[in-house]
$ cat input-v5.cif   # mmCIF, C-alpha atoms
data_start
#
loop_
_atom_site.group_PDB
_atom_site.id
_atom_site.type_symbol
_atom_site.label_atom_id
_atom_site.label_comp_id
_atom_site.auth_asym_id
_atom_site.auth_seq_id
_atom_site.Cartn_x
_atom_site.Cartn_y
_atom_site.Cartn_z
ATOM 1 C CA MET J 403 -41.820 41.355 -154.370
ATOM 2 C CA SER J 404 -38.909 41.284 -151.890
ATOM 3 C CA GLN J 405 -37.133 43.978 -153.924
ATOM 4 C CA SER J 406 -40.240 46.163 -153.675
ATOM 5 C CA ILE J 407 -40.454 45.659 -149.881
ATOM 6 C CA ASN J 408 -36.736 46.434 -149.462
ATOM 7 C CA ALA J 409 -37.114 49.554 -151.557
ATOM 8 C CA THR J 410 -40.031 50.650 -149.419
ATOM 9 C CA ARG J 411 -38.048 50.032 -146.259
ATOM 10 C CA ARG J 412 -35.124 52.005 -147.653
ATOM 11 C CA GLY J 413 -37.487 54.844 -148.487
ATOM 12 C CA MET J 414 -38.968 54.845 -144.985
ATOM 13 C CA MET J 415 -35.482 54.808 -143.421
ATOM 14 C CA THR J 416 -34.358 57.687 -145.632
ATOM 15 C CA ALA J 417 -37.453 59.667 -144.754
ATOM 16 C CA GLY J 418 -36.939 58.930 -141.066
ATOM 17 C CA LEU J 419 -33.324 60.047 -141.223
ATOM 18 C CA GLY J 420 -34.433 63.200 -142.990
ATOM 19 C CA VAL J 421 -36.936 64.029 -140.243
ATOM 20 C CA ALA J 422 -34.315 63.293 -137.579
ATOM 21 C CA ALA J 423 -31.811 65.524 -139.333
ATOM 22 C CA VAL J 424 -34.301 68.383 -139.528
ATOM 23 C CA ALA J 425 -35.199 67.885 -135.861
ATOM 24 C CA ALA J 426 -31.524 68.022 -134.922
ATOM 25 C CA ILE J 427 -30.727 71.031 -137.103
ATOM 26 C CA LEU J 428 -33.766 73.098 -136.093
ATOM 27 C CA PRO J 429 -32.793 73.777 -132.457
ATOM 28 C CA LEU J 430 -29.218 74.479 -133.552
ATOM 29 C CA SER J 431 -30.395 77.036 -136.085
ATOM 30 C CA GLN J 432 -32.761 78.547 -133.524
ATOM 31 C CA SER J 433 -29.892 78.763 -131.025
ATOM 32 C CA ALA J 434 -27.639 80.414 -133.597
ATOM 33 C CA SER J 435 -30.428 82.849 -134.434
ATOM 34 C CA ALA J 436 -30.884 83.676 -130.759
ATOM 35 C CA ALA J 437 -27.163 84.328 -130.346
ATOM 36 C CA SER J 438 -27.227 86.606 -133.369
ATOM 37 C CA LYS J 439 -30.182 88.522 -131.948
ATOM 38 C CA THR J 440 -28.393 88.909 -128.634
ATOM 39 C CA SER J 441 -25.444 90.478 -130.389
ATOM 40 C CA SER J 442 -27.636 92.926 -132.255
ATOM 41 C CA ASN J 443 -30.334 94.007 -129.832
ATOM 42 C CA GLY J 444 -28.928 93.303 -126.366
ATOM 43 C CA LYS J 445 -32.210 92.021 -124.876
ATOM 44 C CA GLY J 446 -32.121 89.771 -121.860
ATOM 45 C CA GLY J 447 -33.266 86.192 -121.847
ATOM 46 C CA VAL J 448 -32.106 85.146 -125.303
ATOM 47 C CA GLY J 449 -29.098 83.029 -124.408
ATOM 48 C CA SER J 450 -25.657 84.147 -125.501
ATOM 49 C CA GLY J 451 -23.785 86.257 -127.988
ATOM 50 C CA THR J 452 -20.777 88.461 -128.588
ATOM 51 C CA ILE J 453 -19.951 92.129 -128.731
ATOM 52 C CA THR J 454 -17.038 93.700 -130.568
ATOM 53 C CA THR J 455 -15.173 96.293 -128.543
ATOM 54 C CA LYS J 456 -13.657 99.507 -129.847
ATOM 55 C CA ASP J 457 -10.309 97.801 -130.482
ATOM 56 C CA GLY J 458 -11.937 94.933 -132.402
ATOM 57 C CA THR J 459 -11.901 92.343 -129.616
ATOM 58 C CA GLN J 460 -14.841 89.951 -129.508
ATOM 59 C CA ILE J 461 -16.239 89.399 -126.019
ATOM 60 C CA PHE J 462 -18.445 86.343 -125.492
ATOM 61 C CA PHE J 463 -21.266 86.587 -122.960
ATOM 62 C CA LYS J 464 -24.265 84.718 -121.591
ATOM 63 C CA ASP J 465 -27.491 86.561 -120.803
ATOM 64 C CA TRP J 466 -30.327 84.548 -119.272
ATOM 65 C CA GLY J 467 -33.655 85.524 -117.797
ATOM 66 C CA THR J 468 -35.239 88.803 -116.761
ATOM 67 C CA GLY J 469 -35.385 90.864 -113.595
ATOM 68 C CA GLN J 470 -32.615 92.707 -111.777
ATOM 69 C CA PRO J 471 -29.319 91.919 -113.527
ATOM 70 C CA ILE J 472 -26.451 90.134 -111.812
ATOM 71 C CA VAL J 473 -23.134 90.274 -113.671
ATOM 72 C CA PHE J 474 -20.554 87.609 -112.797
ATOM 73 C CA HIS J 475 -16.817 88.208 -113.350
ATOM 74 C CA HIS J 476 -14.629 85.083 -113.412
ATOM 75 C CA GLY J 477 -11.124 84.464 -112.127
ATOM 76 C CA TRP J 478 -7.874 83.690 -113.942
ATOM 77 C CA PRO J 479 -7.541 81.762 -116.253
ATOM 78 C CA LEU J 480 -11.160 80.619 -116.383
ATOM 79 C CA SER J 481 -14.345 81.651 -118.192
ATOM 80 C CA SER J 482 -17.999 82.449 -117.581
ATOM 81 C CA ASP J 483 -18.585 78.694 -117.216
ATOM 82 C CA ASP J 484 -17.057 78.899 -113.753
ATOM 83 C CA TRP J 485 -20.297 80.531 -112.580
ATOM 84 C CA ASP J 486 -22.634 77.691 -113.605
ATOM 85 C CA ALA J 487 -23.769 76.985 -110.023
ATOM 86 C CA GLN J 488 -24.585 80.642 -109.416
ATOM 87 C CA MET J 489 -26.125 81.329 -112.835
ATOM 88 C CA MET J 490 -28.594 78.448 -112.509
ATOM 89 C CA PHE J 491 -29.460 79.253 -108.898
ATOM 90 C CA PHE J 492 -30.180 82.946 -109.416
ATOM 91 C CA LEU J 493 -31.961 82.388 -112.706
ATOM 92 C CA GLU J 494 -34.477 80.276 -110.775
ATOM 93 C CA LYS J 495 -34.779 83.063 -108.195
ATOM 94 C CA GLY J 496 -36.021 85.469 -110.862
ATOM 95 C CA TYR J 497 -32.856 87.400 -111.648
ATOM 96 C CA ARG J 498 -31.344 88.200 -115.014
ATOM 97 C CA VAL J 499 -27.927 86.525 -114.922
ATOM 98 C CA ILE J 500 -25.046 87.617 -117.123
ATOM 99 C CA ALA J 501 -21.469 86.421 -117.366
ATOM 100 C CA HIS J 502 -18.749 87.136 -119.913
ATOM 101 C CA ASP J 503 -15.440 85.599 -120.921
ATOM 102 C CA ARG J 504 -12.748 88.191 -120.246
ATOM 103 C CA ARG J 505 -10.659 89.101 -123.298
ATOM 104 C CA GLY J 506 -8.053 86.412 -123.879
ATOM 105 C CA HIS J 507 -10.120 83.888 -121.900
ATOM 106 C CA GLY J 508 -12.736 81.289 -122.836
ATOM 107 C CA ARG J 509 -14.533 81.995 -126.106
ATOM 108 C CA SER J 510 -13.453 85.635 -126.389
ATOM 109 C CA SER J 511 -10.648 86.784 -128.694
ATOM 110 C CA GLN J 512 -7.186 85.499 -127.761
ATOM 111 C CA THR J 513 -5.791 88.999 -127.457
ATOM 112 C CA ASP J 514 -2.101 89.891 -127.355
ATOM 113 C CA SER J 515 -2.793 93.397 -126.042
ATOM 114 C CA GLY J 516 -5.138 95.092 -123.592
ATOM 115 C CA ASN J 517 -4.680 92.341 -121.015
ATOM 116 C CA GLU J 518 -4.747 94.704 -118.042
ATOM 117 C CA MET J 519 -7.330 96.015 -115.609
ATOM 118 C CA ASN J 520 -8.225 99.316 -117.247
ATOM 119 C CA THR J 521 -9.086 97.569 -120.502
ATOM 120 C CA TYR J 522 -10.864 94.705 -118.721
ATOM 121 C CA ALA J 523 -13.083 97.267 -116.976
ATOM 122 C CA ALA J 524 -13.642 99.189 -120.208
ATOM 123 C CA ASP J 525 -14.754 95.948 -121.908
ATOM 124 C CA VAL J 526 -17.313 95.418 -119.139
ATOM 125 C CA ALA J 527 -18.510 98.989 -119.589
ATOM 126 C CA GLU J 528 -19.088 98.359 -123.298
ATOM 127 C CA LEU J 529 -20.984 95.162 -122.477
ATOM 128 C CA ALA J 530 -23.117 96.925 -119.853
ATOM 129 C CA LYS J 531 -23.960 99.661 -122.350
ATOM 130 C CA HIS J 532 -24.802 97.110 -125.052
ATOM 131 C CA LEU J 533 -27.131 95.221 -122.699
ATOM 132 C CA ASP J 534 -28.502 98.461 -121.226
ATOM 133 C CA LEU J 535 -27.799 97.298 -117.682
ATOM 134 C CA LYS J 536 -29.115 99.424 -114.841
ATOM 135 C CA ASP J 537 -29.324 98.773 -111.102
ATOM 136 C CA ALA J 538 -27.009 95.789 -111.651
ATOM 137 C CA ILE J 539 -25.205 93.722 -109.029
ATOM 138 C CA HIS J 540 -21.609 92.855 -109.967
ATOM 139 C CA VAL J 541 -20.019 89.752 -108.462
ATOM 140 C CA GLY J 542 -16.323 89.063 -108.956
ATOM 141 C CA HIS J 543 -14.147 86.132 -107.943
ATOM 142 C CA SER J 544 -10.367 86.435 -107.576
ATOM 143 C CA THR J 545 -9.108 88.385 -110.618
ATOM 144 C CA GLY J 546 -12.755 89.088 -111.390
ATOM 145 C CA GLY J 547 -12.968 90.835 -108.032
ATOM 146 C CA GLY J 548 -10.293 93.244 -109.193
ATOM 147 C CA GLU J 549 -12.199 93.757 -112.421
ATOM 148 C CA VAL J 550 -15.350 94.549 -110.426
ATOM 149 C CA ALA J 551 -13.518 97.062 -108.227
ATOM 150 C CA ARG J 552 -12.049 98.886 -111.226
ATOM 151 C CA TYR J 553 -15.309 98.792 -113.210
ATOM 152 C CA VAL J 554 -17.543 100.016 -110.383
ATOM 153 C CA ALA J 555 -15.085 102.776 -109.455
ATOM 154 C CA LYS J 556 -14.539 104.012 -113.029
ATOM 155 C CA HIS J 557 -17.770 103.167 -114.877
ATOM 156 C CA GLY J 558 -20.446 102.353 -112.300
ATOM 157 C CA GLY J 559 -22.179 105.714 -112.027
ATOM 158 C CA ASN J 560 -25.518 106.914 -113.396
ATOM 159 C CA GLY J 561 -27.483 104.142 -111.715
ATOM 160 C CA ARG J 562 -25.718 101.312 -113.495
ATOM 161 C CA VAL J 563 -24.540 99.567 -110.301
ATOM 162 C CA ALA J 564 -26.629 98.830 -107.200
ATOM 163 C CA LYS J 565 -24.281 96.545 -105.235
ATOM 164 C CA ALA J 566 -21.076 94.585 -105.609
ATOM 165 C CA VAL J 567 -19.534 91.417 -104.201
ATOM 166 C CA LEU J 568 -15.871 90.434 -103.936
ATOM 167 C CA ILE J 569 -15.270 86.695 -103.466
ATOM 168 C CA GLY J 570 -11.717 85.541 -102.739
ATOM 169 C CA ALA J 571 -10.746 88.716 -104.546
ATOM 170 C CA VAL J 572 -7.271 90.100 -105.264
ATOM 171 C CA PRO J 573 -7.735 93.732 -104.064
ATOM 172 C CA PRO J 574 -6.218 95.838 -102.662
ATOM 173 C CA ILE J 575 -2.961 94.469 -104.177
ATOM 174 C CA MET J 576 -1.356 91.039 -104.051
ATOM 175 C CA LEU J 577 2.288 91.962 -104.656
ATOM 176 C CA LYS J 578 4.637 92.661 -101.770
ATOM 177 C CA THR J 579 5.820 96.275 -101.917
ATOM 178 C CA ASP J 580 7.097 98.880 -99.498
ATOM 179 C CA LYS J 581 3.498 100.052 -99.049
ATOM 180 C CA ASN J 582 2.186 96.476 -98.895
ATOM 181 C CA PRO J 583 4.706 94.491 -96.820
ATOM 182 C CA GLY J 584 2.251 91.660 -96.233
ATOM 183 C CA GLY J 585 1.933 90.820 -99.918
ATOM 184 C CA LEU J 586 3.398 87.915 -101.853
ATOM 185 C CA PRO J 587 6.942 88.360 -103.252
ATOM 186 C CA LEU J 588 7.466 88.875 -106.971
ATOM 187 C CA GLU J 589 9.171 85.480 -107.176
ATOM 188 C CA VAL J 590 5.812 83.775 -106.606
ATOM 189 C CA PHE J 591 4.307 85.352 -109.707
ATOM 190 C CA ASP J 592 7.493 84.868 -111.717
ATOM 191 C CA GLY J 593 7.079 81.201 -110.884
ATOM 192 C CA PHE J 594 3.535 81.309 -112.270
ATOM 193 C CA ARG J 595 4.838 82.809 -115.509
ATOM 194 C CA SER J 596 7.658 80.291 -115.838
ATOM 195 C CA ALA J 597 5.337 77.340 -115.226
ATOM 196 C CA LEU J 598 2.813 78.652 -117.755
ATOM 197 C CA VAL J 599 5.443 79.007 -120.481
ATOM 198 C CA ALA J 600 7.112 75.675 -119.719
ATOM 199 C CA ASN J 601 3.973 73.522 -119.711
ATOM 200 C CA ARG J 602 0.680 75.363 -119.449
ATOM 201 C CA ALA J 603 -1.398 72.184 -119.708
ATOM 202 C CA GLN J 604 0.360 70.576 -116.737
ATOM 203 C CA PHE J 605 0.342 73.794 -114.715
ATOM 204 C CA PHE J 606 -3.386 74.128 -115.286
ATOM 205 C CA ARG J 607 -3.830 70.609 -113.933
ATOM 206 C CA GLU J 608 -1.778 71.150 -110.786
ATOM 207 C CA ILE J 609 -3.527 74.338 -109.643
ATOM 208 C CA PRO J 610 -7.075 72.926 -109.359
ATOM 209 C CA ALA J 611 -5.864 69.514 -108.186
ATOM 210 C CA GLY J 612 -4.008 71.268 -105.367
ATOM 211 C CA PRO J 613 -4.483 74.655 -103.686
ATOM 212 C CA PHE J 614 -7.330 76.249 -105.679
ATOM 213 C CA TYR J 615 -10.051 74.056 -104.191
ATOM 214 C CA GLY J 616 -8.100 72.914 -101.146
ATOM 215 C CA PHE J 617 -7.826 69.429 -102.612
ATOM 216 C CA ASN J 618 -4.262 69.263 -101.246
ATOM 217 C CA ARG J 619 -5.522 69.387 -97.659
ATOM 218 C CA PRO J 620 -5.557 66.187 -95.569
ATOM 219 C CA GLY J 621 -8.878 64.401 -95.874
ATOM 220 C CA ALA J 622 -10.097 66.551 -98.765
ATOM 221 C CA LYS J 623 -12.671 64.928 -101.033
ATOM 222 C CA VAL J 624 -11.269 65.503 -104.516
ATOM 223 C CA SER J 625 -13.673 65.953 -107.423
ATOM 224 C CA GLU J 626 -11.991 64.944 -110.670
ATOM 225 C CA GLY J 627 -14.850 66.558 -112.577
ATOM 226 C CA VAL J 628 -14.163 69.919 -110.956
ATOM 227 C CA VAL J 629 -10.441 69.584 -111.733
ATOM 228 C CA ASP J 630 -11.160 68.618 -115.337
ATOM 229 C CA ASN J 631 -13.583 71.499 -115.758
ATOM 230 C CA TRP J 632 -11.008 73.999 -114.449
ATOM 231 C CA TRP J 633 -8.429 72.594 -116.880
ATOM 232 C CA ARG J 634 -10.924 72.729 -119.767
ATOM 233 C CA GLN J 635 -11.739 76.362 -119.135
ATOM 234 C CA GLY J 636 -8.101 77.345 -118.759
ATOM 235 C CA MET J 637 -6.976 75.676 -121.960
ATOM 236 C CA MET J 638 -9.733 77.430 -123.943
ATOM 237 C CA GLY J 639 -7.986 80.774 -123.443
ATOM 238 C CA GLY J 640 -4.840 82.225 -124.960
ATOM 239 C CA ALA J 641 -1.394 81.668 -123.440
ATOM 240 C CA LYS J 642 -0.268 85.257 -124.117
ATOM 241 C CA ALA J 643 -3.352 86.751 -122.474
ATOM 242 C CA HIS J 644 -3.016 84.410 -119.501
ATOM 243 C CA TYR J 645 0.653 85.337 -119.133
ATOM 244 C CA ASP J 646 -0.118 89.063 -119.183
ATOM 245 C CA CYS J 647 -3.011 88.640 -116.764
ATOM 246 C CA ILE J 648 -0.655 87.408 -114.056
ATOM 247 C CA MET J 649 0.776 90.918 -113.846
ATOM 248 C CA ALA J 650 -2.728 92.390 -114.003
ATOM 249 C CA PHE J 651 -4.033 90.442 -111.021
ATOM 250 C CA SER J 652 -0.869 90.596 -108.918
ATOM 251 C CA GLU J 653 0.520 94.097 -109.446
ATOM 252 C CA THR J 654 -2.574 96.280 -109.938
ATOM 253 C CA ASP J 655 -3.236 98.502 -106.933
ATOM 254 C CA PHE J 656 -6.988 98.813 -106.289
ATOM 255 C CA THR J 657 -6.691 100.929 -103.145
ATOM 256 C CA ASP J 658 -8.084 104.088 -104.721
ATOM 257 C CA ASP J 659 -10.835 102.118 -106.472
ATOM 258 C CA LEU J 660 -12.032 100.654 -103.188
ATOM 259 C CA LYS J 661 -12.035 104.073 -101.535
ATOM 260 C CA THR J 662 -14.100 105.507 -104.407
ATOM 261 C CA ILE J 663 -16.886 102.908 -104.461
ATOM 262 C CA ASP J 664 -20.017 104.217 -102.731
ATOM 263 C CA VAL J 665 -22.431 101.290 -103.174
ATOM 264 C CA PRO J 666 -22.772 98.425 -100.656
ATOM 265 C CA VAL J 667 -20.087 95.779 -101.134
ATOM 266 C CA LEU J 668 -20.014 92.303 -99.606
ATOM 267 C CA VAL J 669 -16.482 90.931 -99.159
ATOM 268 C CA MET J 670 -16.487 87.112 -98.895
ATOM 269 C CA HIS J 671 -13.313 85.149 -98.241
ATOM 270 C CA GLY J 672 -12.291 81.710 -97.006
ATOM 271 C CA ASP J 673 -9.684 81.773 -94.259
ATOM 272 C CA ASP J 674 -7.963 78.773 -95.865
ATOM 273 C CA ASP J 675 -7.572 80.525 -99.233
ATOM 274 C CA GLN J 676 -4.140 79.395 -100.472
ATOM 275 C CA ILE J 677 -4.265 81.442 -103.682
ATOM 276 C CA VAL J 678 -5.242 84.865 -102.341
ATOM 277 C CA PRO J 679 -4.344 84.876 -98.615
ATOM 278 C CA ILE J 680 -7.050 86.592 -96.600
ATOM 279 C CA ALA J 681 -4.774 88.713 -94.408
ATOM 280 C CA ASP J 682 -3.541 90.840 -97.291
ATOM 281 C CA SER J 683 -6.794 90.968 -99.258
ATOM 282 C CA ALA J 684 -10.266 90.807 -97.715
ATOM 283 C CA LEU J 685 -9.180 92.023 -94.290
ATOM 284 C CA LEU J 686 -7.708 95.137 -95.879
ATOM 285 C CA SER J 687 -10.319 95.694 -98.607
ATOM 286 C CA SER J 688 -13.224 95.673 -96.188
ATOM 287 C CA LYS J 689 -11.630 98.556 -94.253
ATOM 288 C CA LEU J 690 -11.120 100.668 -97.381
ATOM 289 C CA LEU J 691 -14.723 100.411 -98.602
ATOM 290 C CA LYS J 692 -17.241 103.057 -97.557
ATOM 291 C CA LYS J 693 -20.056 100.509 -97.286
ATOM 292 C CA GLY J 694 -18.189 97.248 -96.987
ATOM 293 C CA THR J 695 -19.334 94.124 -95.131
ATOM 294 C CA LEU J 696 -16.844 91.335 -94.443
ATOM 295 C CA LYS J 697 -17.892 87.680 -94.199
ATOM 296 C CA ILE J 698 -15.203 85.113 -93.403
ATOM 297 C CA TYR J 699 -15.668 81.382 -94.067
ATOM 298 C CA ASN J 700 -13.855 79.082 -91.692
ATOM 299 C CA GLY J 701 -11.708 76.514 -93.490
ATOM 300 C CA LEU J 702 -13.018 77.263 -96.986
ATOM 301 C CA PRO J 703 -10.715 77.457 -100.039
ATOM 302 C CA HIS J 704 -10.235 79.931 -102.856
ATOM 303 C CA GLY J 705 -12.745 78.125 -105.071
ATOM 304 C CA MET J 706 -15.461 78.014 -102.411
ATOM 305 C CA ALA J 707 -18.159 79.256 -104.811
ATOM 306 C CA THR J 708 -17.805 75.843 -106.484
ATOM 307 C CA THR J 709 -16.994 73.552 -103.571
ATOM 308 C CA HIS J 710 -19.588 75.152 -101.261
ATOM 309 C CA ALA J 711 -22.032 76.674 -103.728
ATOM 310 C CA ASP J 712 -25.027 76.114 -101.443
ATOM 311 C CA VAL J 713 -23.453 78.166 -98.663
ATOM 312 C CA ILE J 714 -22.197 80.940 -100.925
ATOM 313 C CA ASN J 715 -25.426 81.194 -102.934
ATOM 314 C CA ALA J 716 -27.551 81.519 -99.804
ATOM 315 C CA ASP J 717 -25.383 84.342 -98.473
ATOM 316 C CA LEU J 718 -25.352 86.089 -101.839
ATOM 317 C CA LEU J 719 -29.146 85.924 -102.022
ATOM 318 C CA ALA J 720 -29.466 87.388 -98.533
ATOM 319 C CA PHE J 721 -27.182 90.283 -99.503
ATOM 320 C CA PHE J 722 -29.019 90.920 -102.775
ATOM 321 C CA GLN J 723 -32.348 91.054 -100.961
ATOM 322 C CA SER J 724 -31.136 93.238 -98.083
#

$ encode --input "input-v5.cif" --output "structure tokens"
Amino acid sequence: MSQSINATRRGMMTAGLGVAAVAAILPLSQSASAASKTSSNGKGGVGSGTITTKDGTQIFFKDWGTGQPIVFHHGWPLSSDDWDAQMMFFLEKGYRVIAHDRRGHGRSSQTDSGNEMNTYAADVAELAKHLDLKDAIHVGHSTGGGEVARYVAKHGGNGRVAKAVLIGAVPPIMLKTDKNPGGLPLEVFDGFRSALVANRAQFFREIPAGPFYGFNRPGAKVSEGVVDNWWRQGMMGGAKAHYDCIMAFSETDFTDDLKTIDVPVLVMHGDDDQIVPIADSALLSSKLLKKGTLKIYNGLPHGMATTHADVINADLLAFFQS
């Protein structure tokens, strides 16, 4: 009798585990199916996927919701995950929100070539074509701001781009040159390269724990979660691509790009940005743009879209709706 009861119990447990397994597998298979559909048909609101560029690079992207598209371009050495606070906010406001992992970063291919601004912009153009984006707003942070400037200037015609935003962005050019005496000396970026090669994991801990979010300032409230998330995103990418990207974000001259752009552009910058100093970036970029608007944030750091997302999101929304 007891053997029969035990057998019945074992049967019920096995059946229960089977149902649980199916329940767990089903959403995963549905998610995988959605990602596959995104890759093939480019419709909004189906989650995430990848495209393969002309040179065989796989670019990962997220595509949520419907409505006017907003495309977010992340900074070095991060990924589309850095836009979580903005993606969720604008999704709820009825926008279609899109963000990609730049080649060599995040979940995209760890490329050893093409890690420069012309190719970055061309990758975005392929993504925009795949997703059939029109009347889109492009928002770029730091290196992503340079990517936005190059993309809008070279590929943004035919109604594809409505507006753009540069947040703590690298244009016009970061490097000190004869034409840009206020820039940072080459030794600064050589130091970045040396630190990356010597111990990338430690370097990627020190940047967010220090100047990126202003956590090195007296009285700063440090968020270990934010630091850990920065480190996680950075270590997902490829060391070679990250190394090459230092030249891309520091030595690319976006002056002609900025002069070419004819859509409204909001330039947002914290005056305590220790990564991209405001005097040689936003203050100059805003003067080169045909329809540029400059908004300066007193005391805010380079990563202000994370540390002060409520402030930044409200100002972005006002610009989008204007």

$ atom_distance --input "input-v5.cif" --atom1 "CA of Ser481 in chain J" --atom2 "CA of Asp503 in chain J"
4.9 Å

$ resolve_selection --input "input-v5.cif" --expression "the PyMOL selection byres ((chain J and resi 647) around 10)" --output "PyMOL selection string"
chain J and resi 478-479+506-507+516-519+545+595+641-646+648-653

$ atom_distance --input "input-v5.cif" --atom1 "CA of Arg619 in chain J" --atom2 "CA of Leu577 in chain J"
24.9 Å

$ atom_distance --input "input-v5.cif" --atom1 "CA of Ile472 in chain J" --atom2 "CA of Arg498 in chain J"
6.2 Å

$ closest_residue --input "input-v5.cif" --among "J:Arg505, J:Lys456, J:Lys693, J:His557" --to "Leu535 in chain J" --atoms "all atoms listed in the file"
J:His557

$ closest_atom_pairs --input "input-v5.cif" --of "range 624-678 of chain J" --to "range 565-576 of chain J" --cutoff "7 Å" --atoms "all atoms listed in the file" --output "JSON lines"
{"residue": "J:Phe651", "atom": "CA", "partner": "J:Val572", "partner_atom": "CA", "distance": 6.6}
{"residue": "J:Ser652", "atom": "CA", "partner": "J:Met576", "partner_atom": "CA", "distance": 4.9}
{"residue": "J:Glu653", "atom": "CA", "partner": "J:Ile575", "partner_atom": "CA", "distance": 6.3}
{"residue": "J:Thr654", "atom": "CA", "partner": "J:Ile575", "partner_atom": "CA", "distance": 6.1}
{"residue": "J:Asp655", "atom": "CA", "partner": "J:Ile575", "partner_atom": "CA", "distance": 4.9}
{"residue": "J:Phe656", "atom": "CA", "partner": "J:Pro574", "partner_atom": "CA", "distance": 4.8}
{"residue": "J:Thr657", "atom": "CA", "partner": "J:Pro574", "partner_atom": "CA", "distance": 5.1}
{"residue": "J:Val665", "atom": "CA", "partner": "J:Lys565", "partner_atom": "CA", "distance": 5.5}
{"residue": "J:Pro666", "atom": "CA", "partner": "J:Lys565", "partner_atom": "CA", "distance": 5.2}
{"residue": "J:Val667", "atom": "CA", "partner": "J:Ala566", "partner_atom": "CA", "distance": 4.7}
{"residue": "J:Leu668", "atom": "CA", "partner": "J:Val567", "partner_atom": "CA", "distance": 4.7}
{"residue": "J:Val669", "atom": "CA", "partner": "J:Leu568", "partner_atom": "CA", "distance": 4.8}
{"residue": "J:Met670", "atom": "CA", "partner": "J:Ile569", "partner_atom": "CA", "distance": 4.7}
{"residue": "J:His671", "atom": "CA", "partner": "J:Gly570", "partner_atom": "CA", "distance": 4.8}
{"residue": "J:Gly672", "atom": "CA", "partner": "J:Gly570", "partner_atom": "CA", "distance": 6.9}
{"residue": "J:Val678", "atom": "CA", "partner": "J:Val572", "partner_atom": "CA", "distance": 6.3}

$ residues_around --input "input-v5.cif" --residues "Ala555 in chain J" --least-positions-apart "2" --cutoff "6 Å" --atoms "only C-alpha atoms" --output "PyMOL selection string"
chain J and resi 552-553+659+662-663

$ residues_around --input "input-v5.cif" --residues "Val628 in chain J" --least-positions-apart "4" --cutoff "12 Å" --atoms "all atoms listed in the file" --output "number ranges by chain"
J: 483-484, 486-487, 607, 609-612, 614-617, 623-624, 632-635, 705-709

$ residues_around --input "input-v5.cif" --residues "Gly546 in chain J" --least-positions-apart "6" --cutoff "6 Å" --atoms "only C-alpha atoms" --output "JSON list (two decimals) with C-alpha atoms, in the coordinates of the input"
[["chain", "number", "residue", "atom", "x", "y", "z"],
["J", 475, "HIS", "CA", -16.82, 88.21, -113.35],
["J", 476, "HIS", "CA", -14.63, 85.08, -113.41],
["J", 477, "GLY", "CA", -11.12, 84.46, -112.13]]

$ resolve_selection --input "input-v5.cif" --expression "the PyMOL selection byres ((chain J and resi 511) around 10)" --output "PDB file with C-alpha atoms, in the frame of the given file"
ATOM      1  CA  THR J 454     -17.038  93.700-130.568  1.00  0.00           C
ATOM      2  CA  GLY J 458     -11.937  94.933-132.402  1.00  0.00           C
ATOM      3  CA  THR J 459     -11.901  92.343-129.616  1.00  0.00           C
ATOM      4  CA  GLN J 460     -14.841  89.951-129.508  1.00  0.00           C
ATOM      5  CA  ILE J 461     -16.239  89.399-126.019  1.00  0.00           C
ATOM      6  CA  PHE J 462     -18.445  86.343-125.492  1.00  0.00           C
ATOM      7  CA  ASP J 503     -15.440  85.599-120.921  1.00  0.00           C
ATOM      8  CA  ARG J 504     -12.748  88.191-120.246  1.00  0.00           C
ATOM      9  CA  ARG J 505     -10.659  89.101-123.298  1.00  0.00           C
ATOM     10  CA  GLY J 506      -8.053  86.412-123.879  1.00  0.00           C
ATOM     11  CA  HIS J 507     -10.120  83.888-121.900  1.00  0.00           C
ATOM     12  CA  GLY J 508     -12.736  81.289-122.836  1.00  0.00           C
ATOM     13  CA  ARG J 509     -14.533  81.995-126.106  1.00  0.00           C
ATOM     14  CA  SER J 510     -13.453  85.635-126.389  1.00  0.00           C
ATOM     15  CA  GLN J 512      -7.186  85.499-127.761  1.00  0.00           C
ATOM     16  CA  THR J 513      -5.791  88.999-127.457  1.00  0.00           C
ATOM     17  CA  ASP J 514      -2.101  89.891-127.355  1.00  0.00           C
ATOM     18  CA  GLY J 639      -7.986  80.774-123.443  1.00  0.00           C
ATOM     19  CA  GLY J 640      -4.840  82.225-124.960  1.00  0.00           C
ATOM     20  CA  ALA J 643      -3.352  86.751-122.474  1.00  0.00           C
TER      21      ALA J 643
END

$ resolve_selection --input "input-v5.cif" --expression "the PyMOL selection byres ((chain J and resi 563) around 8)" --output "PDB file with C-alpha atoms, in the coordinates of the input"
ATOM      1  CA  LYS J 536     -29.115  99.424-114.841  1.00  0.00           C
ATOM      2  CA  ASP J 537     -29.324  98.773-111.102  1.00  0.00           C
ATOM      3  CA  ALA J 538     -27.009  95.789-111.651  1.00  0.00           C
ATOM      4  CA  ILE J 539     -25.205  93.722-109.029  1.00  0.00           C
ATOM      5  CA  HIS J 540     -21.609  92.855-109.967  1.00  0.00           C
ATOM      6  CA  VAL J 554     -17.543 100.016-110.383  1.00  0.00           C
ATOM      7  CA  GLY J 558     -20.446 102.353-112.300  1.00  0.00           C
ATOM      8  CA  GLY J 559     -22.179 105.714-112.027  1.00  0.00           C
ATOM      9  CA  GLY J 561     -27.483 104.142-111.715  1.00  0.00           C
ATOM     10  CA  ARG J 562     -25.718 101.312-113.495  1.00  0.00           C
ATOM     11  CA  ALA J 564     -26.629  98.830-107.200  1.00  0.00           C
ATOM     12  CA  LYS J 565     -24.281  96.545-105.235  1.00  0.00           C
ATOM     13  CA  ALA J 566     -21.076  94.585-105.609  1.00  0.00           C
ATOM     14  CA  VAL J 665     -22.431 101.290-103.174  1.00  0.00           C
TER      15      VAL J 665
END
